[in-house]
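A short worksheet on the structure shown next.
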Amino acid sequence: MRDRPAEMTESDLVAALSDGWGLDVAGLTYRPVGAGSYHWSVLDDTDRTWFVTVDDLGADPEGRDAVFAELGRAFDTALVLHRDAGLGTVVAPVPTGDGTSAYRLDPRYAVSVFPLLDGVAGRFGPHRPADLPEVLDLLVTLHQATPVVARTAGRFVPDLPGRQRLEAALDDLDRPWHTGPYAEPTRKLLTVQTVRIHGWLADLDRLAARVAQTGAEPVVTHGEPHPGNLLRTADGLRLVDWDTVRLAPPERDLWLVTEDPDLLADYSRATGRPVDVAGLAFHRLRWKLADIAIYVDELRRPHGESADNAASWSYLTSYFD
């Protein structure tokens with residue numbers, strides 16, 4: 001995130017770190033990295049540096065408690081994977097003084113603290129071919145740890161998040177949108193792409209029905225194992241950003257790594273699980289539509305000119321290039 005959260009200050013963050021983790025902050029630096037969360041590196045009075053994440057619980061006040069509960073459950077799952085399943089590849093949160101994985105800073109924002117590791121982060125996009133065997137081995141180990149977190153992890157819900165708001169936007173294209181600098185361009189883009197989006201939604205429903213018929217047992221999935229969430233350290237790859245961890249079909253992770261039949265066959269041999277081609281297609285399409293729904297909702301709401309809004313507009317248009 002390039003912009004900083006609008007409704008909190010760094011003084012609020014310092015107070016939360018002191019109250020939740022007993023950290024005496026000697027310095028903090030905002031890190032405009034990733035998407036969806038805000039990040040700082042924080043130096044404490046013992047000269048140790050931490051990676052601190054602030055999550056926005058949403059513009060809708062009525063839904064924030066549920067989002068916070070889901071976030072805490074996801075981070076608790078990562079903690080169990082690291083501590084109880086012994087997965088050193090999992091970069092888990094540091095618990096607060098009362099043992100929770102996330103701290104409610106105020107009604108809108110939650111704070112989490114992670115160890116700051118020395119390594120090289122990847123960038124969102126395809127994995128390097130040379131990395132694929134190692135990434136697949138990481139996923140095999142993660143998926144096989146399912147019994148350890150079967151009672152901790154939340155379940156993946158295949159419904160498209162934000163679908164109702166996206167469809168409402170598609171039904172509201174006959175009048176100008178005056179809610180911000182990107183609102184009217186978004187309306188015009190959707191006007192041209194309406195048939196295409198409805199076609200994608202229909203395809204998603206058909207794929208969802210096929211996936212549901214398999215009845216396969218879920219595994220613990222990260223949800224977003226792209227290069228941007230991988231850190232290469234002296235001890236090997238480490239997987240970060242665990243707010244999306246859920247029990248789900250393995251294809252939820254696999255589609256972001258590879259669709260090479262030989263590599264997927266290697267995964268099947270290692271886990272004893274066949275890979276469902278329809279599942280790969282479903283999760284690929286769901287990712288695209290979920291992004292579109294998020295960006296349309298952001299740019300349809302009242303907004304101003306900012307780096308994050310400009311990025312949302314760029315990402316939205318890229319899906320129709």
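Chain labels run A, B, ... following the order of the structure tokens; each chain numbers its residues from 1, and ligands are numbered from 1 in the order shown.
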
Which residues of region 195-310 of chain A have any atom within 12 Å of an atom in region 143-150 of chain A when counting only C-alpha atoms, and what is the closest pair of atoms for each, with the distance in Å to one decimal? Order the rows by chain and rising number and write it as CSV.
```
residue,atom,partner,partner_atom,distance
A:Glu217,CA,A:Thr146,CA,10.4
A:Pro218,CA,A:Thr146,CA,8.4
A:Val219,CA,A:His143,CA,5.3
A:Val220,CA,A:Thr146,CA,5.1
A:Thr221,CA,A:His143,CA,6.4
A:His222,CA,A:His143,CA,9.0
A:Gly223,CA,A:His143,CA,11.5
A:Val245,CA,A:Val149,CA,10.7
A:Arg246,CA,A:Ala150,CA,9.8
A:Leu247,CA,A:Ala150,CA,7.8
A:Ala248,CA,A:His143,CA,9.8
A:Pro249,CA,A:His143,CA,9.7
A:Pro250,CA,A:His143,CA,7.4
A:Glu251,CA,A:His143,CA,10.9
A:Arg252,CA,A:His143,CA,11.2
A:Asp253,CA,A:His143,CA,9.6
A:Leu254,CA,A:His143,CA,10.8
A:Tyr267,CA,A:His143,CA,10.5
A:Ser268,CA,A:His143,CA,11.6
A:Ala270,CA,A:Gln144,CA,9.6
A:Thr271,CA,A:Gln144,CA,7.3
A:Gly272,CA,A:Gln144,CA,10.3
A:Arg273,CA,A:His143,CA,10.5
```

May I have the residues from that selection written out with C-alpha atoms, as a short mmCIF file (atom, residue, chain, number, x, y, z; two decimals), in the first residue's frame?
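New file out-v2.cif:
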```cif
data_model
loop_
_atom_site.label_atom_id
_atom_site.label_comp_id
_atom_site.auth_asym_id
_atom_site.auth_seq_id
_atom_site.Cartn_x
_atom_site.Cartn_y
_atom_site.Cartn_z
CA GLU A 217 -11.38 -33.57 1.36
CA PRO A 218 -9.85 -30.10 1.90
CA VAL A 219 -6.26 -29.42 2.90
CA VAL A 220 -4.76 -26.42 4.66
CA THR A 221 -3.94 -23.92 1.92
CA HIS A 222 -2.08 -20.62 2.03
CA GLY A 223 -4.33 -19.11 -0.63
CA VAL A 245 -4.96 -19.45 5.05
CA ARG A 246 -8.04 -21.71 4.83
CA LEU A 247 -9.04 -25.36 4.52
CA ALA A 248 -9.73 -25.74 0.80
CA PRO A 249 -9.07 -27.90 -2.24
CA PRO A 250 -5.33 -27.97 -3.04
CA GLU A 251 -6.00 -26.34 -6.41
CA ARG A 252 -6.52 -23.09 -4.49
CA ASP A 253 -2.72 -22.99 -4.09
CA LEU A 254 -1.60 -24.99 -7.09
CA TYR A 267 2.47 -33.25 -6.54
CA SER A 268 -0.06 -36.06 -6.92
CA ALA A 270 3.84 -36.97 -3.23
CA THR A 271 0.40 -36.42 -1.70
CA GLY A 272 -1.71 -39.22 -3.16
CA ARG A 273 -4.22 -36.63 -4.39
#
```

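Residue neighbourhood of Arg232 (chain A), excluding near-sequence residues (fewer than 2 positions): Asp118, Gly119, Val120, Ala121, Gly122, Leu230, Ala234, Asp235, Gly236, Leu237, Arg238 and Leu239 of chain A, at 9 Å, using only C-alpha atoms.
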
How would the residues just chosen look if you wrote them out with C-alpha atoms as a PDB file, in the first residue's frame?
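Final output, saved to part_37.pdb:
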```
ATOM      1  CA  ASP A 118      16.906 -11.343   6.327  1.00  0.00           C
ATOM      2  CA  GLY A 119      16.137 -12.394   2.785  1.00  0.00           C
ATOM      3  CA  VAL A 120      15.078 -11.405  -0.712  1.00  0.00           C
ATOM      4  CA  ALA A 121      11.369 -11.038  -1.445  1.00  0.00           C
ATOM      5  CA  GLY A 122       9.874 -11.983  -4.770  1.00  0.00           C
ATOM      6  CA  LEU A 230       7.861 -15.839  -0.764  1.00  0.00           C
ATOM      7  CA  ALA A 234      19.854 -18.406   3.814  1.00  0.00           C
ATOM      8  CA  ASP A 235      17.766 -21.312   5.154  1.00  0.00           C
ATOM      9  CA  GLY A 236      15.539 -21.593   2.077  1.00  0.00           C
ATOM     10  CA  LEU A 237      12.137 -20.260   1.077  1.00  0.00           C
ATOM     11  CA  ARG A 238       9.800 -18.774   3.655  1.00  0.00           C
ATOM     12  CA  LEU A 239       6.096 -18.137   3.056  1.00  0.00           C
TER      13      LEU A 239
END
```

Subject >> d(CA of Ser314 (chain A), CA of Lys188 (chain A)) in Å >> reply: 14.5 Å

**OP:** Going by DSSP on the backbone, which bits of region 116-297 of chain A are alpha helix (DSSP H)? Write them as a ChimeraX atom specification, please.
**Re:** /A:132-144,146-149,163-170,183-214,251-254,261-271,277-297

Subject >> region 201-310 of chain A: residues DSSP assigns to strand (DSSP E), reported as JSON, numbers by chain >> reply: {"A": [219, 220, 221, 230, 231, 232, 233, 236, 237, 238, 239, 246, 247, 248]}

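Each of A:Arg163, A:Arg206, A:Arg187, A:His39 was checked against Phe114 (chain A) using only C-alpha atoms; the smallest atom-to-atom distance is that of A:His39.
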
I'd like the contact shell of Thr9 (chain A) - 12 Å cut-off, only C-alpha atoms, skipping same-chain residues fewer than 3 positions apart - returned as an mmCIF file with C-alpha atoms, in the first residue's frame.
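That gives us out_10.cif:
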```cif
data_model
loop_
_atom_site.group_PDB
_atom_site.id
_atom_site.type_symbol
_atom_site.label_atom_id
_atom_site.label_comp_id
_atom_site.auth_asym_id
_atom_site.auth_seq_id
_atom_site.Cartn_x
_atom_site.Cartn_y
_atom_site.Cartn_z
ATOM 1 C CA ARG A 4 -1.051 5.347 4.759
ATOM 2 C CA PRO A 5 -4.235 4.487 6.678
ATOM 3 C CA ALA A 6 -6.431 7.548 6.864
ATOM 4 C CA ASP A 12 -1.794 5.036 17.807
ATOM 5 C CA LEU A 13 0.432 2.264 16.450
ATOM 6 C CA VAL A 14 3.174 2.874 19.024
ATOM 7 C CA ALA A 15 0.586 2.697 21.815
ATOM 8 C CA ALA A 16 -0.819 -0.574 20.431
ATOM 9 C CA TYR A 30 6.686 2.969 6.868
ATOM 10 C CA VAL A 54 -1.916 -3.026 10.059
ATOM 11 C CA LEU A 105 -6.123 -1.102 17.512
ATOM 12 C CA ASP A 106 -9.481 0.611 17.061
ATOM 13 C CA TYR A 109 -7.759 -1.415 12.222
#
```

**OP:** Rounded to one decimal place, report the CA of Gly58 (chain A)-CA of Gly36 (chain A) distance in Å.
**Re:**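 These two atoms are separated by 10.5 Å.
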
**OP:** Tell me, as a PyMOL selection string, which residues lie within 12 Å of region 287-290 of chain A, counting only C-alpha atoms; anything in the same chain fewer than 6 positions away does not count.
**Re:** chain A and resi 158-167+196-205+223-224+252-253+255-256+280-281+296-297+315-320

Subject >> Two-atom distance - CA of Leu189 (chain A), CA of Val33 (chain A) (Å) >> reply: 27.7 Å
